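Next comes query.cif, a file with mmCIF, C-alpha atoms and all ligand atoms.
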```
data_target
loop_
_atom_site.label_atom_id
_atom_site.label_comp_id
_atom_site.auth_asym_id
_atom_site.auth_seq_id
_atom_site.Cartn_x
_atom_site.Cartn_y
_atom_site.Cartn_z
CA MET U 1 94.23 -73.62 133.35
CA PRO U 2 97.31 -74.12 135.55
CA ILE U 3 97.03 -73.92 139.29
CA ALA U 4 98.51 -70.79 140.80
CA THR U 5 102.24 -71.05 141.29
CA ASN U 6 104.13 -70.97 144.58
CA SER U 7 105.41 -67.69 145.96
CA PRO U 8 108.40 -67.07 148.21
CA ASP U 9 106.66 -65.74 151.29
CA ALA U 10 103.26 -65.81 152.94
CA GLN U 11 101.81 -62.36 152.51
CA VAL U 12 98.05 -62.04 152.58
CA ALA U 13 97.35 -60.84 149.04
CA VAL U 14 94.96 -58.05 148.06
CA ALA U 15 92.81 -59.26 145.12
CA ASP U 16 90.53 -57.00 143.11
CA LEU U 17 87.07 -58.47 142.55
CA ASN U 18 86.13 -55.41 140.46
CA ILE U 19 88.67 -56.44 137.80
CA TYR U 20 87.14 -59.92 137.63
CA LEU U 21 83.56 -58.63 137.46
CA ALA U 22 84.46 -56.17 134.68
CA ASP U 23 85.68 -58.97 132.37
CA PRO U 24 86.13 -62.47 133.85
CA THR U 25 87.96 -63.65 130.72
CA SER U 26 90.64 -60.94 130.67
CA GLN U 27 94.29 -61.72 131.48
CA ALA U 28 94.11 -59.24 134.36
CA ALA U 29 91.11 -61.11 135.82
CA LEU U 30 92.89 -64.46 135.52
CA ALA U 31 95.90 -63.02 137.34
CA GLU U 32 93.58 -61.89 140.18
CA CYS U 33 92.06 -65.41 140.33
CA ARG U 34 95.50 -66.95 140.74
CA LYS U 35 96.25 -64.43 143.48
CA VAL U 36 93.05 -65.49 145.31
CA ALA U 37 93.97 -69.19 145.15
CA GLU U 38 97.62 -68.72 146.12
CA SER U 39 96.91 -66.44 149.07
CA LEU U 40 94.36 -68.90 150.47
CA ILE U 41 96.76 -71.83 149.92
CA LEU U 42 99.73 -70.12 151.61
CA THR U 43 98.10 -68.04 154.33
CA GLY U 44 94.49 -69.27 154.63
CA ALA U 45 93.44 -65.64 154.11
CA LEU U 46 92.90 -62.97 151.47
CA ILE U 47 92.00 -59.29 151.31
CA VAL U 48 89.52 -58.43 148.58
CA LYS U 49 88.51 -55.13 147.02
CA ASP U 50 84.83 -54.87 146.11
CA THR U 51 83.39 -51.40 145.57
CA ARG U 52 79.86 -52.71 146.24
CA ALA U 53 80.75 -53.32 149.91
CA ASP U 54 81.54 -49.69 150.74
CA GLN U 55 82.63 -48.43 154.15
CA GLY U 56 79.46 -46.30 154.57
CA ALA U 57 77.21 -49.38 154.36
CA ASN U 58 79.49 -51.23 156.79
CA ASP U 59 79.31 -48.28 159.24
CA THR U 60 75.49 -48.22 159.14
CA PHE U 61 75.44 -51.94 159.85
CA LEU U 62 77.95 -51.63 162.73
CA ASP U 63 75.86 -48.82 164.29
CA LEU U 64 72.72 -51.01 164.21
CA LEU U 65 74.46 -53.98 165.80
CA GLU U 66 76.08 -51.85 168.54
CA SER U 67 72.57 -50.65 169.47
CA TYR U 68 71.15 -54.19 169.32
CA PHE U 69 73.75 -55.72 171.63
CA ALA U 70 73.51 -52.79 174.06
CA GLN U 71 69.95 -53.96 174.97
CA ASP U 72 69.44 -55.62 178.36
CA GLN U 73 70.02 -59.35 178.80
CA LYS U 74 66.31 -60.25 179.21
CA THR U 75 65.44 -58.61 175.88
CA LEU U 76 68.30 -60.37 174.08
CA GLU U 77 67.28 -63.74 175.54
CA LYS U 78 63.99 -63.57 173.57
CA ASP U 79 66.05 -64.01 170.39
CA LEU U 80 67.75 -67.25 171.55
CA ARG U 81 67.05 -70.45 169.58
CA PRO U 82 69.21 -73.12 171.32
CA GLU U 83 66.95 -75.88 169.94
CA LEU U 84 68.29 -74.96 166.48
CA GLY U 85 71.94 -75.01 167.56
CA TYR U 86 71.75 -71.16 167.75
CA GLN U 87 71.91 -71.17 163.91
CA VAL U 88 69.34 -68.34 163.77
CA GLY U 89 68.92 -65.51 166.30
CA VAL U 90 71.31 -64.56 169.06
CA THR U 91 74.10 -66.46 170.88
CA LEU U 92 75.01 -64.76 174.14
CA GLU U 93 78.46 -64.43 175.70
CA ASP U 94 79.97 -67.45 177.49
CA THR U 95 78.17 -69.95 175.21
CA GLU U 96 80.45 -70.84 172.27
CA ARG U 97 83.66 -72.68 173.11
CA PRO U 98 86.72 -72.38 170.85
CA SER U 99 86.92 -75.72 169.00
CA CYS U 100 90.60 -75.97 169.98
CA ILE U 101 89.59 -76.79 173.57
CA SER U 102 87.86 -80.00 172.38
CA THR U 103 90.68 -81.17 170.11
CA PRO U 104 93.90 -82.33 171.83
CA LYS U 105 95.84 -82.02 168.55
CA CYS U 106 95.03 -78.33 168.51
CA ILE U 107 96.29 -77.85 172.08
CA ASN U 108 99.51 -79.59 170.96
CA ILE U 109 99.85 -77.09 168.14
CA ILE U 110 99.80 -74.18 170.55
CA SER U 111 102.50 -75.63 172.76
CA SER U 112 104.60 -76.54 169.68
CA LEU U 113 104.71 -73.04 168.25
CA PRO U 114 107.59 -70.76 169.26
CA ALA U 115 106.53 -68.72 172.31
CA SER U 116 106.47 -65.50 170.27
CA GLU U 117 104.04 -67.03 167.75
CA ARG U 118 101.58 -68.65 170.17
CA PRO U 119 97.96 -67.60 170.50
CA LEU U 120 96.70 -66.71 173.95
CA ASP U 121 96.71 -69.67 176.33
CA LEU U 122 93.30 -71.41 176.44
CA THR U 123 94.01 -73.06 179.80
CA GLY U 124 91.10 -72.21 182.07
CA HIS U 125 89.18 -70.60 179.17
CA SER U 126 85.81 -72.35 179.10
CA ALA U 127 83.78 -70.27 176.63
CA ASP U 128 84.30 -67.09 174.62
CA PRO U 129 83.05 -63.73 175.91
CA LYS U 130 81.85 -62.91 172.38
CA ALA U 131 78.14 -62.82 171.49
CA ARG U 132 76.72 -62.99 167.98
CA PHE U 133 73.59 -62.85 165.84
CA PHE U 134 72.92 -65.28 162.99
CA TRP U 135 70.77 -64.20 160.03
CA ARG U 136 70.37 -67.04 157.54
CA MET U 137 70.75 -66.02 153.88
CA THR U 138 69.86 -69.18 152.02
CA GLU U 139 68.48 -69.23 148.49
CA GLU U 140 64.93 -70.58 148.80
CA ARG U 141 64.13 -73.99 147.36
CA GLU U 142 61.68 -76.81 147.95
CA LYS U 143 62.24 -78.48 151.31
CA THR U 144 64.69 -81.34 150.82
CA GLY U 145 62.73 -83.76 153.04
CA LEU U 146 66.07 -84.95 154.46
CA SER U 147 66.30 -85.54 158.22
CA GLY U 148 68.40 -83.19 160.39
CA MET U 149 67.63 -80.16 158.21
CA GLY U 150 65.76 -78.17 160.93
CA MET U 151 68.55 -75.67 161.53
CA HIS U 152 69.11 -75.26 157.76
CA GLU U 153 65.46 -74.47 157.02
CA ALA U 154 64.47 -72.48 160.15
CA PRO U 155 62.93 -69.00 159.77
CA ASN U 156 65.06 -66.02 160.78
CA VAL U 157 64.51 -64.14 164.06
CA VAL U 158 63.54 -60.45 163.94
CA PRO U 159 64.30 -58.61 167.23
CA ARG U 160 61.22 -56.86 168.65
CA ALA U 161 62.76 -53.40 169.08
CA PHE U 162 64.05 -53.34 165.49
CA GLU U 163 61.06 -54.87 163.66
CA GLY U 164 60.74 -52.03 161.14
CA VAL U 165 64.35 -52.01 159.96
CA TRP U 166 66.02 -55.31 160.84
CA LYS U 167 65.27 -57.38 157.74
CA ASP U 168 66.22 -54.59 155.30
CA LYS U 169 69.48 -53.84 157.11
CA MET U 170 70.44 -57.53 157.38
CA GLU U 171 69.64 -58.22 153.75
CA GLY U 172 71.29 -54.93 152.68
CA TRP U 173 74.74 -55.49 154.20
CA GLY U 174 74.41 -59.30 154.10
CA GLY U 175 73.57 -59.16 150.38
CA ARG U 176 76.76 -57.18 149.72
CA MET U 177 78.86 -59.66 151.72
CA LYS U 178 77.22 -62.64 150.02
CA ALA U 179 77.81 -61.16 146.56
CA ALA U 180 81.46 -60.48 147.45
CA VAL U 181 82.15 -63.95 148.84
CA GLN U 182 80.34 -65.59 145.91
CA GLY U 183 82.60 -63.61 143.60
CA VAL U 184 85.65 -64.80 145.57
CA ALA U 185 84.37 -68.40 145.34
CA GLU U 186 84.13 -68.08 141.57
CA MET U 187 87.62 -66.55 141.37
CA LEU U 188 88.92 -69.35 143.60
CA SER U 189 87.41 -71.99 141.28
CA VAL U 190 89.21 -70.42 138.34
CA GLY U 191 92.46 -69.93 140.29
CA LEU U 192 92.41 -73.61 141.28
CA GLY U 193 92.02 -74.65 137.64
CA LEU U 194 88.36 -75.70 137.97
CA PRO U 195 85.33 -74.59 135.89
CA ALA U 196 84.20 -71.18 137.21
CA SER U 197 80.86 -72.47 138.55
CA THR U 198 82.31 -75.44 140.52
CA ILE U 199 82.13 -73.90 144.01
CA TYR U 200 78.92 -71.99 143.29
CA ASP U 201 77.19 -75.21 142.22
CA ALA U 202 78.29 -76.94 145.44
CA SER U 203 77.21 -74.01 147.63
CA ARG U 204 74.12 -72.61 145.92
CA TYR U 205 71.75 -73.72 148.71
CA GLY U 206 74.25 -73.36 151.53
CA SER U 207 73.07 -72.13 154.93
CA HIS U 208 75.03 -68.91 154.54
CA LEU U 209 74.96 -66.84 157.71
CA LEU U 210 75.38 -63.14 158.20
CA ALA U 211 76.98 -63.43 161.63
CA PRO U 212 77.80 -60.10 163.29
CA THR U 213 80.01 -60.94 166.26
CA ALA U 214 80.02 -58.68 169.31
CA THR U 215 82.18 -58.12 172.40
CA ASP U 216 81.17 -55.81 175.25
CA LEU U 217 84.27 -53.62 175.63
CA THR U 218 83.06 -52.08 178.88
CA LYS U 219 83.31 -55.59 180.38
CA TYR U 220 86.07 -57.24 178.37
CA GLY U 221 88.06 -54.38 176.85
CA HIS U 222 91.11 -54.73 179.06
CA LEU U 223 94.45 -56.53 179.13
CA ASP U 224 94.85 -59.57 181.35
CA ARG U 225 97.41 -58.71 184.03
CA TYR U 226 97.30 -61.95 185.99
CA ALA U 227 97.42 -64.42 183.10
CA CYS U 228 101.13 -63.70 182.94
CA LEU U 229 101.65 -65.48 186.27
CA SER U 230 101.32 -68.82 184.51
CA LEU U 231 104.01 -67.88 182.01
CA GLY U 232 106.51 -67.09 184.71
CA SER U 233 107.13 -63.74 183.09
CA ILE U 234 107.11 -61.80 186.32
CA LEU U 235 109.80 -59.22 186.53
CA GLN U 236 111.25 -58.77 189.96
CA VAL U 237 112.88 -55.52 190.94
CA VAL U 238 114.69 -54.85 194.18
CA MET U 239 113.82 -51.40 195.49
CA GLY U 240 115.80 -50.66 198.65
CA ARG U 241 115.31 -53.82 200.71
CA LYS U 242 111.88 -54.68 199.23
CA LEU U 243 111.27 -57.11 196.37
CA ILE U 244 108.67 -55.66 194.01
CA MET U 245 106.95 -57.78 191.40
CA ILE U 246 106.09 -56.10 188.12
CA ILE U 247 103.59 -58.09 186.12
CA PRO U 248 103.41 -56.92 182.52
CA PRO U 249 99.81 -57.00 181.27
CA ARG U 250 98.99 -59.32 178.41
CA ASP U 251 96.31 -59.38 175.70
CA SER U 252 93.04 -61.04 176.75
CA ILE U 253 90.75 -63.30 174.74
CA PHE U 254 87.56 -62.25 172.91
CA ALA U 255 87.46 -65.38 170.70
CA GLY U 256 90.01 -68.12 171.44
CA PHE U 257 92.28 -69.83 168.86
CA HIS U 258 90.12 -71.73 166.36
CA SER U 259 89.33 -72.30 162.70
CA ASP U 260 85.89 -71.83 161.12
CA LEU U 261 83.71 -74.82 160.28
CA ASN U 262 82.27 -73.38 157.02
CA PHE U 263 83.79 -72.92 153.53
CA LEU U 264 84.85 -69.25 153.43
CA THR U 265 84.41 -66.49 156.01
CA ILE U 266 84.30 -62.85 154.93
CA HIS U 267 84.52 -59.83 157.25
CA GLY U 268 83.96 -56.11 156.84
CA LYS U 269 86.50 -53.82 158.52
CA SER U 270 86.04 -53.72 162.30
CA ARG U 271 86.30 -50.46 164.26
CA TYR U 272 88.65 -52.14 166.74
CA PRO U 273 91.81 -54.15 165.94
CA GLY U 274 92.46 -57.52 167.60
CA LEU U 275 92.34 -60.27 164.92
CA HIS U 276 95.43 -62.48 164.55
CA ILE U 277 95.86 -65.14 161.84
CA TRP U 278 98.57 -67.76 161.24
CA ALA U 279 100.23 -68.37 157.85
CA ARG U 280 100.82 -71.86 156.52
CA ASN U 281 104.36 -71.60 155.25
CA THR U 282 105.83 -69.69 158.19
CA GLY U 283 103.60 -70.59 161.17
CA LYS U 284 103.89 -66.92 162.14
CA LYS U 285 101.17 -65.02 163.98
CA MET U 286 100.06 -62.00 161.93
CA PRO U 287 97.88 -59.12 163.15
CA VAL U 288 95.37 -58.32 160.39
CA LYS U 289 94.88 -54.78 159.18
CA VAL U 290 92.10 -54.52 156.60
CA PRO U 291 92.54 -51.45 154.34
CA ASP U 292 89.53 -49.12 154.01
CA GLY U 293 87.07 -50.30 151.35
CA CYS U 294 88.32 -53.90 151.56
CA LEU U 295 87.05 -57.15 153.03
CA LEU U 296 88.96 -59.96 154.71
CA VAL U 297 88.37 -63.57 153.59
CA GLN U 298 89.47 -66.67 155.53
CA ALA U 299 89.46 -70.37 154.66
CA GLY U 300 87.19 -72.70 156.64
CA LYS U 301 87.19 -76.44 157.27
CA GLN U 302 84.79 -77.24 154.39
CA LEU U 303 87.30 -75.69 151.97
CA GLU U 304 90.15 -77.72 153.44
CA TRP U 305 88.12 -80.91 152.97
CA PHE U 306 86.96 -79.93 149.44
CA SER U 307 90.55 -79.12 148.40
CA GLY U 308 92.07 -82.28 149.95
CA GLY U 309 94.34 -80.16 152.16
CA LEU U 310 95.56 -77.79 149.41
CA VAL U 311 93.95 -74.98 151.45
CA LYS U 312 94.30 -75.56 155.20
CA ALA U 313 91.89 -74.50 157.89
CA ARG U 314 92.50 -76.78 160.82
CA GLU U 315 94.97 -78.61 162.99
CA ALA U 316 98.07 -80.36 161.76
CA ASP U 317 98.35 -84.06 162.52
CA CYS U 318 101.79 -84.07 164.06
CA LEU U 319 104.44 -81.74 165.36
CA PHE U 320 106.44 -82.12 162.15
CA MET U 321 103.53 -80.51 160.31
CA VAL U 322 103.42 -77.74 162.88
CA TRP U 323 107.10 -77.00 162.23
CA LEU U 324 106.21 -76.81 158.56
CA GLY U 325 103.68 -74.18 159.51
CA TRP U 326 100.47 -76.11 158.79
CA VAL U 327 98.33 -73.81 160.86
CA ALA U 328 96.75 -71.69 158.16
CA GLY U 329 93.10 -70.85 158.76
CA TYR U 330 93.54 -70.58 162.52
CA HIS U 331 92.76 -67.26 164.12
CA GLU U 332 91.96 -65.56 167.41
CA VAL U 333 90.43 -62.24 168.41
CA VAL U 334 92.00 -60.59 171.44
CA CYS U 335 92.11 -57.30 173.28
CA THR U 336 95.42 -55.62 172.43
CA GLU U 337 97.01 -52.23 173.07
CA GLY U 338 95.58 -51.29 169.65
CA THR U 339 92.06 -52.22 170.80
CA LEU U 340 92.47 -50.02 173.88
CA LYS U 341 93.67 -47.07 171.79
CA ALA U 342 90.65 -47.42 169.46
CA MET U 343 88.36 -47.55 172.52
CA GLU U 344 89.81 -44.29 173.84
CA ARG U 345 89.34 -42.64 170.44
CA PHE U 346 85.70 -43.76 170.10
CA LYS U 347 84.91 -42.74 173.69
CA ALA U 348 86.25 -39.26 172.96
CA GLU U 349 84.62 -38.87 169.52
CA THR U 350 81.22 -40.52 170.15
CA PRO U 351 80.66 -40.73 173.93
CA GLU U 352 76.94 -41.43 173.43
CA ARG U 353 77.53 -44.66 171.46
CA PRO U 354 77.61 -48.15 173.06
CA LEU U 355 81.16 -49.49 173.43
CA TRP U 356 80.90 -52.85 171.61
CA ARG U 357 83.40 -54.40 169.20
CA ILE U 358 81.35 -55.64 166.22
CA SER U 359 82.79 -57.75 163.46
CA SER U 360 80.50 -57.83 160.41
CA THR U 361 81.23 -61.48 159.68
CA PHE U 362 79.55 -63.65 157.00
CA PHE U 363 79.92 -67.46 156.92
CA TYR U 364 79.68 -68.97 153.43
CA HIS U 365 78.70 -72.67 153.43
CA LEU U 366 78.46 -75.53 150.98
CA SER U 367 74.88 -76.84 150.54
CA PRO U 368 73.79 -79.08 153.44
CA ASP U 369 72.98 -81.99 151.10
CA TYR U 370 76.34 -81.70 149.27
CA GLU U 371 78.53 -84.75 149.85
CA LEU U 372 81.79 -83.28 151.07
CA HIS U 373 84.84 -85.01 149.57
CA ALA U 374 88.34 -84.09 148.42
CA LEU U 375 88.40 -83.22 144.72
CA PRO U 376 91.07 -85.55 143.22
CA PRO U 377 93.00 -82.91 141.19
CA LEU U 378 93.21 -80.61 144.20
CA LYS U 379 94.33 -83.38 146.55
CA ALA U 380 96.98 -84.43 144.00
CA GLU U 381 98.23 -80.84 143.85
CA ALA U 382 98.29 -80.64 147.67
CA GLU U 383 100.43 -83.79 147.89
CA LYS U 384 102.73 -82.58 145.13
CA ARG U 385 103.37 -79.30 146.92
CA PHE U 386 103.08 -80.17 150.60
CA GLY U 387 103.51 -83.95 150.93
CA PRO U 388 101.03 -86.61 152.10
CA GLN U 389 97.60 -85.36 153.14
CA ASP U 390 94.84 -86.78 155.35
CA GLU U 391 92.32 -89.24 154.01
CA TYR U 392 89.31 -86.95 154.26
CA GLY U 393 86.64 -89.50 153.36
CA SER U 394 83.15 -88.20 152.62
CA MET U 395 80.26 -86.87 154.67
CA SER U 396 77.21 -84.69 153.97
CA VAL U 397 77.71 -81.03 154.86
CA ALA U 398 74.66 -81.26 157.18
CA ASN U 399 76.43 -83.94 159.24
CA GLN U 400 79.77 -82.11 159.16
CA VAL U 401 78.10 -78.94 160.48
CA LYS U 402 76.34 -80.89 163.24
CA ARG U 403 79.59 -82.54 164.29
CA GLU U 404 81.44 -79.21 164.38
CA LEU U 405 78.65 -77.49 166.34
CA GLY U 406 79.08 -80.24 168.96
CA LEU U 407 82.78 -79.34 169.26
CA ILE U 408 81.97 -75.69 169.98
CA ALA U 409 79.14 -76.54 172.41
CA LEU U 410 76.28 -75.14 170.29
CA VAL U 411 74.54 -78.53 170.02
CA ALA U 412 74.51 -81.10 172.81
CA ASP U 413 76.51 -84.30 172.38
CA GLU U 414 74.32 -87.31 171.57
FE FE D 501 86.35 -67.54 163.44
#
```
Let me see the structure of the file written as structure tokens.
Ligand SMILES: [Fe+2]
Amino acid sequence: MPIATNSPDAQVAVADLNIYLADPTSQAALAECRKVAESLILTGALIVKDTRADQGANDTFLDLLESYFAQDQKTLEKDLRPELGYQVGVTLEDTERPSCISTPKCINIISSLPASERPLDLTGHSADPKARFFWRMTEEREKTGLSGMGMHEAPNVVPRAFEGVWKDKMEGWGGRMKAAVQGVAEMLSVGLGLPASTIYDASRYGSHLLAPTATDLTKYGHLDRYACLSLGSILQVVMGRKLIMIIPPRDSIFAGFHSDLNFLTIHGKSRYPGLHIWARNTGKKMPVKVPDGCLLVQAGKQLEWFSGGLVKAREADCLFMVWLGWVAGYHEVVCTEGTLKAMERFKAETPERPLWRISSTFFYHLSPDYELHALPPLKAEAEKRFGPQDEYGSMSVANQVKRELGLIALVADE
């Protein structure tokens, strides 16, 4: 099967998983598979239709997580598992650092982008205000006996106040997300010209994480007026004999510019806008609007490695690559005017509900004992289309995850 062909511009495609599931061998299904591959190659993202992941189920899940994160700090702290790199249970605000802060090349990318396409400045940003909960959704198997597998084999945490419902709700929405992203993985295999089970076989025992991500909008739901001082964008107006400074407010960070460490990330529709992604072939910042009944998929670093750079998820190596727009897979979540408008609407419609922005995120991983390497036909295709690629080498997924968790401050440096 040929690899999906190039397209003139970097639009995030909408692919229909229902068509593939109805008959994976049909011409219509194959066309959807090529759309999946090409959208991930060009933009690092994809919107997918899957009727199993309906908006009602997403809403029930968002309601539960809003109530969970609205608990007091002491109660939430009981669900912390820092000794497991926070890979089960809760991670509180001001813990996870955007990986860009630890990688000078990434900082160079930001300053190399045109001002209008830059993410929010990470100078002075130490850790993200977002919190999150990790619920591991791994297919059970015999323990591997390999060292360093503690975080991949740890039992899940069930919060005390939600003991009767937590597991069912996590498995309910998480099961839908896992089925959807597994379907996308199969479509991606086909769209890349590989046997349909290639990615599934490499990810069957992955430490997949349902990872609802939460921001307290009562604390962080505002624009950052004073950040503009550093940009020198102060407008000065002379009124009579007085000089008045007008400082236009700017978006503020919920989750700073970064790319995900896993293979594919899938999100349900959030109640509040604020996600920006960057496309590979234009380098342009794009606000993401997920249509009702659809899910958003993004490429992670494991996919970049696996595909030898055909799908990008991380920093370019030099400014030349930045000019070519090699920033696909990067994203940020920020408070925008749109976020504020949604807050006003929810406050008016449901004043009794906690004001938290929840993203119903799911991280799909390759298996921890899978030896990550660039598949030769994919790397050859990447070089044919985009020029020389990195030498990715090989490393077990368990070690790659540990290294990446060090970069985002979830495990201590050794
Ligand atoms: Fe992310």
Next item on the list: Kindly compile the residues surrounding ligand FE 501 (chain D) within 9 Å, counting only C-alpha atoms and all ligand atoms, and format them as a list in words.
Entry: Pro98, Ala255, Gly256, Phe257, His258, Ser259, Asp260, Leu261, Thr265, Gln298, Gly300, Gly329, Tyr330, His331, Glu332, Val333 and Thr361 of chain U
Item checked: Residue list as a PyMOL selection string for point (74.0, -51.8, 171.8), cut-off 12 Å, only C-alpha atoms -> chain U and resi 62-73+75-76+131+161-162+214-218+352-358
Notebook entry, point to check: By how many Å are CA of Ala179 (chain U) and CA of Tyr364 (chain U) apart?
Noted result: 10.6 Å
Checklist line | Nearest to Val14 (chain U) by atom-to-atom distance, counting all atoms listed in the file, from U:Lys289, U:Arg345, U:Lys178, U:Arg97 | finding: U:Lys289
Checklist line | For Thr103 (chain U), the nearest of the candidates U:Gly145, U:Leu122, U:Leu366, U:Leu372, counting all atoms listed in the file | finding: U:Leu122
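The two atoms in question, CA of Lys167 (chain U) and CA of Val88 (chain U), are spaced 13.2 Å apart.
If you measure from each of U:Lys49, U:His276, U:His208, U:Lys285 to Met151 (chain U) using all atoms listed in the file, the closest one turns out to be U:His208.
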